[in-house]
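Below is the file run-v1.cif, which contains mmCIF, C-alpha atoms.
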data_input
loop_
_atom_site.label_atom_id
_atom_site.label_comp_id
_atom_site.auth_asym_id
_atom_site.auth_seq_id
_atom_site.Cartn_x
_atom_site.Cartn_y
_atom_site.Cartn_z
CA MET A 222 -4.41 0.01 27.90
CA ALA A 223 -6.77 2.83 28.91
CA ALA A 224 -7.82 5.36 26.25
CA ARG A 225 -5.83 8.16 27.90
CA SER A 226 -2.66 6.10 28.21
CA LYS A 227 -3.04 4.92 24.59
CA LYS A 228 -3.14 8.54 23.46
CA ALA A 229 -0.03 9.40 25.46
CA ARG A 230 1.77 6.29 24.26
CA LEU A 231 0.96 6.99 20.61
CA ALA A 232 2.32 10.51 21.03
CA GLU A 233 5.58 8.97 22.32
CA ILE A 234 5.71 6.60 19.35
CA LEU A 235 5.29 9.47 16.90
CA ASP A 236 8.09 11.39 18.62
CA GLN A 237 10.34 8.34 18.26
CA LEU A 238 9.55 8.00 14.56
CA GLU A 239 10.01 11.65 13.62
CA PRO A 240 13.85 11.71 13.66
CA ALA A 241 13.86 8.83 11.18
CA TYR A 242 11.25 10.18 8.74
CA GLY A 243 11.35 13.94 9.15
CA VAL A 244 9.04 16.65 10.48
CA LEU A 245 5.83 17.06 8.48
CA VAL A 246 4.86 20.70 7.97
CA PRO A 247 1.06 20.91 8.44
CA SER A 248 -1.32 21.81 5.64
CA GLU A 249 -5.07 21.48 5.17
CA ASP A 250 -4.74 21.45 1.39
CA PRO A 251 -4.60 17.81 0.18
CA ILE A 252 -2.06 18.44 -2.58
CA GLU A 253 0.11 20.68 -0.46
CA SER A 254 -0.01 18.14 2.38
CA GLY A 255 1.27 15.53 -0.09
CA LEU A 256 4.08 17.83 -1.17
CA MET A 257 5.04 18.37 2.46
CA THR A 258 5.50 14.62 2.96
CA LEU A 259 8.00 14.65 0.10
CA LEU A 260 9.78 17.63 1.63
CA ALA A 261 10.07 15.80 4.97
CA GLU A 262 11.30 12.67 3.22
CA HIS A 263 13.84 14.12 0.80
CA ALA A 264 14.91 17.39 2.41
CA PRO A 265 14.21 17.14 6.15
CA ASP A 266 16.45 20.11 6.92
CA LEU A 267 14.24 22.21 4.63
CA SER A 268 10.94 20.87 5.99
CA LEU A 269 9.90 24.22 7.45
CA VAL A 270 6.89 26.52 7.38
CA GLN A 271 9.09 29.03 5.56
CA THR A 272 9.64 26.55 2.72
CA ARG A 273 5.93 25.87 2.44
CA GLN A 274 5.33 29.62 2.29
CA ALA A 275 8.00 30.08 -0.38
CA LEU A 276 6.25 27.54 -2.62
CA ARG A 277 2.90 29.27 -2.07
CA GLU A 278 4.33 32.67 -2.97
CA TRP A 279 6.37 31.58 -6.00
CA PHE A 280 3.73 29.55 -7.85
CA VAL A 281 0.26 30.87 -8.69
CA ASP A 282 -1.20 27.38 -8.26
CA TRP A 283 -0.13 23.73 -8.30
CA ASN A 284 -0.68 23.48 -12.03
CA GLU A 285 1.93 26.17 -12.62
CA MET A 286 4.32 24.23 -10.42
CA ARG A 287 3.50 21.02 -12.34
CA VAL A 288 4.86 22.47 -15.57
CA ALA A 289 7.85 24.13 -13.93
CA ASP A 290 11.45 23.06 -14.40
CA PRO A 291 12.89 20.91 -11.57
CA TRP A 292 15.67 23.45 -11.12
CA ASP A 293 13.12 26.22 -10.51
CA VAL A 294 11.38 24.17 -7.81
CA SER A 295 14.64 23.22 -6.08
CA ASN A 296 15.79 26.84 -6.18
CA VAL A 297 12.56 28.00 -4.54
CA VAL A 298 13.02 25.70 -1.55
CA LYS A 299 16.79 26.28 -1.33
CA SER A 300 18.52 29.19 -3.01
CA GLY A 301 21.24 27.69 -5.16
CA GLY A 302 19.78 24.23 -4.60
CA ASN A 303 21.25 21.19 -2.89
CA ALA A 304 20.87 17.41 -3.13
CA GLY A 305 17.80 17.32 -0.88
CA ALA A 306 16.13 20.19 -2.70
CA ARG A 307 16.71 18.51 -6.07
CA LYS A 308 15.30 15.19 -4.83
CA PHE A 309 12.25 17.00 -3.47
CA ALA A 310 11.76 18.88 -6.76
CA ARG A 311 11.77 15.70 -8.83
CA ALA A 312 9.42 13.92 -6.42
CA ALA A 313 7.11 16.95 -6.22
CA LEU A 314 6.74 17.13 -10.00
CA ARG A 315 6.00 13.39 -10.15
CA LEU A 316 3.27 13.91 -7.55
CA LEU A 317 1.69 16.81 -9.42
CA LYS A 318 1.77 14.87 -12.68
CA GLY A 319 0.20 11.95 -10.83
CA VAL A 320 -2.61 14.17 -9.55
CA HIS A 321 -3.18 15.60 -13.01
CA GLY A 322 -3.24 12.13 -14.52
CA ALA A 323 -5.85 10.94 -12.02
CA VAL A 324 -8.23 13.92 -11.95
CA HIS A 325 -7.17 15.79 -15.13
CA ARG A 326 -6.34 18.92 -13.16
CA CYS A 327 -4.18 19.89 -10.18
CA SER A 328 -7.11 20.21 -7.80
CA PHE A 329 -9.56 17.86 -6.10
CA ASP A 330 -12.31 20.49 -5.87
CA ARG A 331 -14.51 19.00 -8.60
CA ALA A 332 -13.96 15.45 -7.37
CA LEU A 333 -15.00 16.44 -3.84
CA ALA A 334 -18.10 18.15 -5.21
CA ASN A 335 -19.23 14.92 -6.88
CA PRO A 336 -20.67 12.51 -4.27
CA GLU A 337 -20.59 9.65 -6.79
CA LEU A 338 -16.81 9.77 -7.14
CA ASP A 339 -14.55 7.64 -4.93
CA VAL A 340 -11.85 10.18 -4.06
CA ASP A 341 -9.66 7.58 -2.34
CA ALA A 342 -9.70 5.53 -5.54
CA LEU A 343 -8.54 8.59 -7.47
CA VAL A 344 -5.61 8.99 -5.10
CA ASP A 345 -4.76 5.31 -5.55
CA LYS A 346 -4.66 5.87 -9.33
CA MET A 347 -1.82 8.38 -9.01
CA ARG A 348 1.33 6.91 -10.48
CA ASN A 349 4.87 7.21 -9.06
CA VAL A 350 3.60 8.54 -5.73
CA PRO A 351 4.79 7.00 -2.41
CA VAL A 352 2.30 5.20 -0.21
CA HIS A 353 2.90 7.56 2.73
CA THR A 354 2.11 10.55 0.51
CA LYS A 355 -1.13 8.95 -0.66
CA ALA A 356 -2.07 8.15 2.96
CA VAL A 357 -1.69 11.77 4.05
CA MET A 358 -3.56 13.06 1.03
CA LYS A 359 -6.45 10.65 1.67
CA ALA A 360 -6.57 11.78 5.29
CA ALA A 361 -6.64 15.44 4.24
CA LEU A 362 -9.36 14.75 1.67
CA GLY A 363 -11.37 12.69 4.16
CA GLY A 364 -11.97 15.49 6.58
CA GLU A 365 -11.43 16.20 10.25
CA GLY A 366 -10.92 13.18 12.48
CA GLU A 367 -10.94 10.56 9.72
CA TRP A 368 -8.28 7.86 9.44
CA ARG A 369 -7.03 6.05 6.35
CA PRO A 370 -4.82 3.17 7.59
CA ASP A 371 -3.55 0.64 5.05
CA LYS A 372 -3.10 -3.04 5.92
CA HIS A 373 0.49 -2.48 7.04
CA VAL A 374 -0.42 0.37 9.40
CA SER A 375 -3.28 -1.77 10.68
CA LYS A 376 -0.85 -4.55 11.57
CA VAL A 377 1.55 -2.16 13.30
CA VAL A 378 -1.05 -0.45 15.51
CA GLN A 379 -2.47 -3.84 16.48
CA ASN A 380 0.96 -5.22 17.34
CA LEU A 381 1.68 -2.12 19.41
CA GLY A 382 -1.55 -2.61 21.35
CA PHE A 383 -3.44 0.47 20.19
CA VAL A 384 -6.18 -1.50 18.43
CA ALA A 385 -7.78 -4.87 19.13
CA LYS A 386 -7.01 -7.69 16.70
CA THR A 387 -9.19 -7.43 13.60
CA THR A 388 -9.00 -7.80 9.83
CA SER A 389 -11.31 -4.82 9.25
CA LEU A 390 -9.57 -1.59 8.21
CA ASN A 391 -12.78 0.29 9.04
CA LYS A 392 -12.66 -0.97 12.63
CA VAL A 393 -9.00 0.00 12.89
CA ALA A 394 -9.80 3.47 11.56
CA LYS A 395 -12.60 3.95 14.08
CA ALA A 396 -10.40 2.71 16.93
CA LEU A 397 -7.69 5.24 16.04
CA GLU A 398 -10.10 8.18 16.09
CA GLY A 399 -9.57 10.23 19.20
CA LEU A 400 -6.06 8.90 19.90
CA VAL A 401 -4.49 11.87 18.11
CA ASP A 402 -5.64 15.48 18.25
CA GLU A 403 -6.63 17.00 14.91
CA PRO A 404 -3.47 19.10 14.36
CA GLU A 405 -1.42 15.90 14.70
CA ARG A 406 -3.59 13.57 12.59
CA LEU A 407 -1.79 14.04 9.26
CA ARG A 408 1.56 13.79 11.03
CA ALA A 409 0.45 10.47 12.51
CA HIS A 410 -0.61 9.21 9.08
CA TYR A 411 2.75 10.17 7.62
CA LEU A 412 4.95 8.69 10.33
CA LEU A 413 2.98 5.48 10.87
CA THR A 414 2.70 4.79 7.14
CA CYS A 415 6.43 5.41 6.60
CA TYR A 416 7.22 3.05 9.47
CA ALA A 417 4.74 0.35 8.51
CA ASN A 418 5.87 0.32 4.87
CA ARG A 419 9.63 0.56 5.47
CA SER A 420 11.88 -1.86 3.59
CA ALA A 421 12.84 -5.15 5.23
CA ASP A 422 16.47 -4.09 5.63
CA ALA A 423 15.67 -0.63 7.08
CA VAL A 424 16.58 0.22 10.66
CA ASP A 425 13.60 -0.10 13.02
CA PRO A 426 13.19 3.21 14.92
CA LEU A 427 10.94 1.38 17.41
CA ALA A 428 13.18 -1.63 17.99
CA SER A 429 13.22 -1.18 21.76
CA THR A 430 9.47 -0.53 21.82
CA SER A 431 8.78 -3.61 19.69
CA ASN A 432 10.89 -5.73 22.01
CA LYS A 433 8.96 -4.48 25.03
CA VAL A 434 5.66 -5.30 23.32
CA SER A 435 6.92 -8.79 22.43
CA LYS A 436 8.12 -9.44 25.98
CA LYS A 437 4.81 -8.24 27.41
CA ALA A 438 2.89 -10.51 25.03
CA ALA A 439 5.13 -13.43 25.98
CA LYS A 440 4.49 -12.83 29.69
CA LYS A 441 0.72 -12.80 29.09
CA THR A 442 0.94 -16.07 27.15
CA SER A 443 3.01 -17.70 29.92
CA ALA A 444 0.57 -16.49 32.55
CA LYS A 445 -2.38 -17.94 30.61
CA LYS A 446 -0.61 -21.28 30.22
CA ALA A 447 0.19 -21.37 33.94
CA THR A 448 -3.46 -20.65 34.80
CA LYS A 449 -4.65 -23.45 32.51
CA LYS A 450 -2.21 -25.93 34.11
CA THR A 451 -3.36 -24.94 37.61
CA SER A 452 -7.00 -25.29 36.59
CA SER A 453 -6.46 -28.73 35.07
CA LYS A 454 -4.67 -29.95 38.23
CA GLY A 455 -7.54 -28.74 40.39
#

Conversion result in structure tokens:
Amino acid sequence: MAARSKKARLAEILDQLEPAYGVLVPSEDPIESGLMTLLAEHAPDLSLVQTRQALREWFVDWNEMRVADPWDVSNVVKSGGNAGARKFARAALRLLKGVHGAVHRCSFDRALANPELDVDALVDKMRNVPVHTKAVMKAALGGEGEWRPDKHVSKVVQNLGFVAKTTSLNKVAKALEGLVDEPERLRAHYLLTCYANRSADAVDPLASTSNKVSKKAAKKTSAKKATKKTSSKG
């Protein structure tokens, strides 16, 4: 698969996954980007730039939001609240408490300023935070172009033919660089991590794609076997 066709194919995959996991509103702020994954997950109909802006305008900073009442948060994202807004509010407060528990503040500024600190390890320490949220936050903290695939994402992108078979997450990360333009990188982290870490009984949004990949792999295996048989006869 040529580099250009891989990029186009990955874009198609992300478009297929988005209806299942929600639209991620972009943000360069690592904490806000994490909050946006929770908005997409729990209140996809409210996952809008306007909602992100409402949170920015209502709360002075993320620490103020951390100590807010869940009702206040749900009312900010949806006047009068609804089930999705309430789920988002509870998840958002768990995230902010997780950040505070890991870095003792609701900001990664000091952690990023200390070259001796492993920022990814701090994100991993956050309790009660979904894996897809952590993946997006790590990507935002890592900087432009960087990838943070976990072992499940690694397996998925290899099975889909985007990356050569390897056990090295670093090699997978390097192989993924350049396959998604920067504005789409966090979106890719969110959607691929949601998909790769879905529960065993969840519907597979890529079922038809997976079947095509499997059939293609089977054809290659059959062709190789046929070549070996022909060679041995000769």

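Shell of Val424 (chain A) at 12 Å, with only C-alpha atoms counted and residues fewer than 4 places along the chain excluded, is Leu238, Ala241, Tyr242, Tyr416, Arg419, Ser420, Ala428 and Ser429 of chain A.
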
CA of Ser248 (chain A) to CA of Asn380 (chain A), straight-line distance in Å: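 Spanning CA of Asn380 (chain A) to CA of Ser248 (chain A) is a straight-line distance of 29.5 Å.
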
Hits of the PyMOL selection byres ((chain A and resi 285) around 12) in this structure, as a PyMOL selection string: chain A and resi 276-284+286-290+293-294+314+317-318+321+326-328

Using only C-alpha atoms: which of A:Gly382, A:Gly399, A:Gly305, A:Pro291 has the shortest distance to Ser268 (chain A): A:Gly305

Centre, edges in Å (one decimal): axis-aligned box, region 248-267 of chain A, 4 Å padding on all six sides, as JSON:
{"center_x": 5.7, "center_y": 17.4, "center_z": 2.2, "size_x": 29.5, "size_y": 17.5, "size_z": 17.5}

Surrounding residues of Gly364 (chain A) excluding itself and chain neighbours under 3 positions, 12 Å, all atoms listed in the file, as a list in words: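 Selected residues are Glu249, Asp250, Pro251, Leu333, Val340, Val357, Met358, Lys359, Ala360, Ala361, Glu367, Trp368, Arg369, Glu403, Arg406 and Leu407 of chain A.
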
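CA of Ala229 (chain A) lies 28.4 Å from CA of Pro351 (chain A).
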
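Reported to one decimal place, the separation of CA of Glu262 (chain A) from CA of Leu245 (chain A) is 8.8 Å.
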
Explicit residue set for the PyMOL selection byres ((chain A and resi 258) around 8), as a PyMOL selection string: chain A and resi 245-246+254-257+259-262+353-354+357+411

Result set of the PyMOL selection byres ((chain A and resi 236) around 12) on the coordinates above, as a count of residues only: 23

Nearest residue to Met347 (chain A) from the set A:Asp266, A:His325, A:Val377, A:Val298 (distances using all atoms listed in the file):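 Under the stated criterion, the closest residue is A:His325.
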
Option closest in space to Leu343 (chain A), from A:His410, A:Lys392, A:Lys355, A:Val324 [counting only C-alpha atoms]: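 Closest to Leu343 (chain A), using only C-alpha atoms: A:Val324.
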
Could I see region 297-308 of chain A restored to all heavy atoms, set down as a PDB file, in the coordinates of the input?
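Result written to part-v3.pdb:
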ATOM      1  N   VAL A 297      13.533  27.342  -5.413  1.00  0.00           N
ATOM      2  CA  VAL A 297      12.560  28.000  -4.540  1.00  0.00           C
ATOM      3  C   VAL A 297      12.729  27.533  -3.096  1.00  0.00           C
ATOM      4  O   VAL A 297      12.685  28.341  -2.164  1.00  0.00           O
ATOM      5  CB  VAL A 297      11.110  27.706  -5.022  1.00  0.00           C
ATOM      6  CG1 VAL A 297      10.094  28.172  -3.981  1.00  0.00           C
ATOM      7  CG2 VAL A 297      10.845  28.395  -6.341  1.00  0.00           C
ATOM      8  N   VAL A 298      12.928  26.230  -2.918  1.00  0.00           N
ATOM      9  CA  VAL A 298      13.020  25.700  -1.550  1.00  0.00           C
ATOM     10  C   VAL A 298      14.407  25.885  -0.949  1.00  0.00           C
ATOM     11  O   VAL A 298      14.577  25.869   0.275  1.00  0.00           O
ATOM     12  CB  VAL A 298      12.625  24.202  -1.490  1.00  0.00           C
ATOM     13  CG1 VAL A 298      11.203  24.009  -1.975  1.00  0.00           C
ATOM     14  CG2 VAL A 298      13.580  23.333  -2.288  1.00  0.00           C
ATOM     15  N   LYS A 299      15.423  26.070  -1.808  1.00  0.00           N
ATOM     16  CA  LYS A 299      16.790  26.280  -1.330  1.00  0.00           C
ATOM     17  C   LYS A 299      17.547  27.078  -2.369  1.00  0.00           C
ATOM     18  O   LYS A 299      17.871  26.570  -3.444  1.00  0.00           O
ATOM     19  CB  LYS A 299      17.480  24.935  -1.079  1.00  0.00           C
ATOM     20  CG  LYS A 299      18.953  25.027  -0.693  1.00  0.00           C
ATOM     21  CD  LYS A 299      19.135  25.652   0.680  1.00  0.00           C
ATOM     22  CE  LYS A 299      20.609  25.576   1.088  1.00  0.00           C
ATOM     23  NZ  LYS A 299      20.838  26.210   2.413  1.00  0.00           N
ATOM     24  N   SER A 300      17.819  28.345  -2.056  1.00  0.00           N
ATOM     25  CA  SER A 300      18.520  29.190  -3.010  1.00  0.00           C
ATOM     26  C   SER A 300      19.855  28.548  -3.399  1.00  0.00           C
ATOM     27  O   SER A 300      20.666  28.205  -2.539  1.00  0.00           O
ATOM     28  CB  SER A 300      18.776  30.570  -2.385  1.00  0.00           C
ATOM     29  OG  SER A 300      19.464  31.402  -3.291  1.00  0.00           O
ATOM     30  N   GLY A 301      20.040  28.351  -4.694  1.00  0.00           N
ATOM     31  CA  GLY A 301      21.240  27.690  -5.160  1.00  0.00           C
ATOM     32  C   GLY A 301      21.093  26.185  -5.236  1.00  0.00           C
ATOM     33  O   GLY A 301      21.877  25.508  -5.894  1.00  0.00           O
ATOM     34  N   GLY A 302      20.063  25.667  -4.575  1.00  0.00           N
ATOM     35  CA  GLY A 302      19.780  24.230  -4.600  1.00  0.00           C
ATOM     36  C   GLY A 302      20.759  23.411  -3.785  1.00  0.00           C
ATOM     37  O   GLY A 302      21.817  23.880  -3.375  1.00  0.00           O
ATOM     38  N   ASN A 303      20.378  22.190  -3.490  1.00  0.00           N
ATOM     39  CA  ASN A 303      21.250  21.190  -2.890  1.00  0.00           C
ATOM     40  C   ASN A 303      20.657  19.820  -3.212  1.00  0.00           C
ATOM     41  O   ASN A 303      19.614  19.723  -3.853  1.00  0.00           O
ATOM     42  CB  ASN A 303      21.441  21.406  -1.378  1.00  0.00           C
ATOM     43  CG  ASN A 303      20.172  21.207  -0.576  1.00  0.00           C
ATOM     44  OD1 ASN A 303      19.205  20.600  -1.043  1.00  0.00           O
ATOM     45  ND2 ASN A 303      20.152  21.727   0.640  1.00  0.00           N
ATOM     46  N   ALA A 304      21.320  18.756  -2.777  1.00  0.00           N
ATOM     47  CA  ALA A 304      20.870  17.410  -3.130  1.00  0.00           C
ATOM     48  C   ALA A 304      19.444  17.146  -2.663  1.00  0.00           C
ATOM     49  O   ALA A 304      18.620  16.593  -3.399  1.00  0.00           O
ATOM     50  CB  ALA A 304      21.826  16.367  -2.561  1.00  0.00           C
ATOM     51  N   GLY A 305      19.143  17.538  -1.417  1.00  0.00           N
ATOM     52  CA  GLY A 305      17.800  17.320  -0.880  1.00  0.00           C
ATOM     53  C   GLY A 305      16.750  18.101  -1.632  1.00  0.00           C
ATOM     54  O   GLY A 305      15.664  17.593  -1.923  1.00  0.00           O
ATOM     55  N   ALA A 306      17.067  19.346  -1.964  1.00  0.00           N
ATOM     56  CA  ALA A 306      16.130  20.190  -2.700  1.00  0.00           C
ATOM     57  C   ALA A 306      15.855  19.616  -4.085  1.00  0.00           C
ATOM     58  O   ALA A 306      14.722  19.644  -4.574  1.00  0.00           O
ATOM     59  CB  ALA A 306      16.674  21.614  -2.811  1.00  0.00           C
ATOM     60  N   ARG A 307      16.893  19.093  -4.723  1.00  0.00           N
ATOM     61  CA  ARG A 307      16.710  18.510  -6.070  1.00  0.00           C
ATOM     62  C   ARG A 307      15.870  17.237  -6.005  1.00  0.00           C
ATOM     63  O   ARG A 307      15.016  17.003  -6.867  1.00  0.00           O
ATOM     64  CB  ARG A 307      18.082  18.231  -6.696  1.00  0.00           C
ATOM     65  CG  ARG A 307      18.836  19.492  -7.105  1.00  0.00           C
ATOM     66  CD  ARG A 307      20.048  19.170  -7.942  1.00  0.00           C
ATOM     67  NE  ARG A 307      21.090  18.524  -7.164  1.00  0.00           N
ATOM     68  CZ  ARG A 307      22.034  19.164  -6.468  1.00  0.00           C
ATOM     69  NH1 ARG A 307      22.037  20.503  -6.451  1.00  0.00           N
ATOM     70  NH2 ARG A 307      22.957  18.509  -5.806  1.00  0.00           N
ATOM     71  N   LYS A 308      16.103  16.408  -4.981  1.00  0.00           N
ATOM     72  CA  LYS A 308      15.300  15.190  -4.830  1.00  0.00           C
ATOM     73  C   LYS A 308      13.835  15.550  -4.590  1.00  0.00           C
ATOM     74  O   LYS A 308      12.934  14.934  -5.152  1.00  0.00           O
ATOM     75  CB  LYS A 308      15.827  14.350  -3.657  1.00  0.00           C
ATOM     76  CG  LYS A 308      17.123  13.637  -3.942  1.00  0.00           C
ATOM     77  CD  LYS A 308      17.554  12.821  -2.739  1.00  0.00           C
ATOM     78  CE  LYS A 308      18.860  12.093  -2.997  1.00  0.00           C
ATOM     79  NZ  LYS A 308      19.313  11.313  -1.804  1.00  0.00           N
TER      80      LYS A 308
END
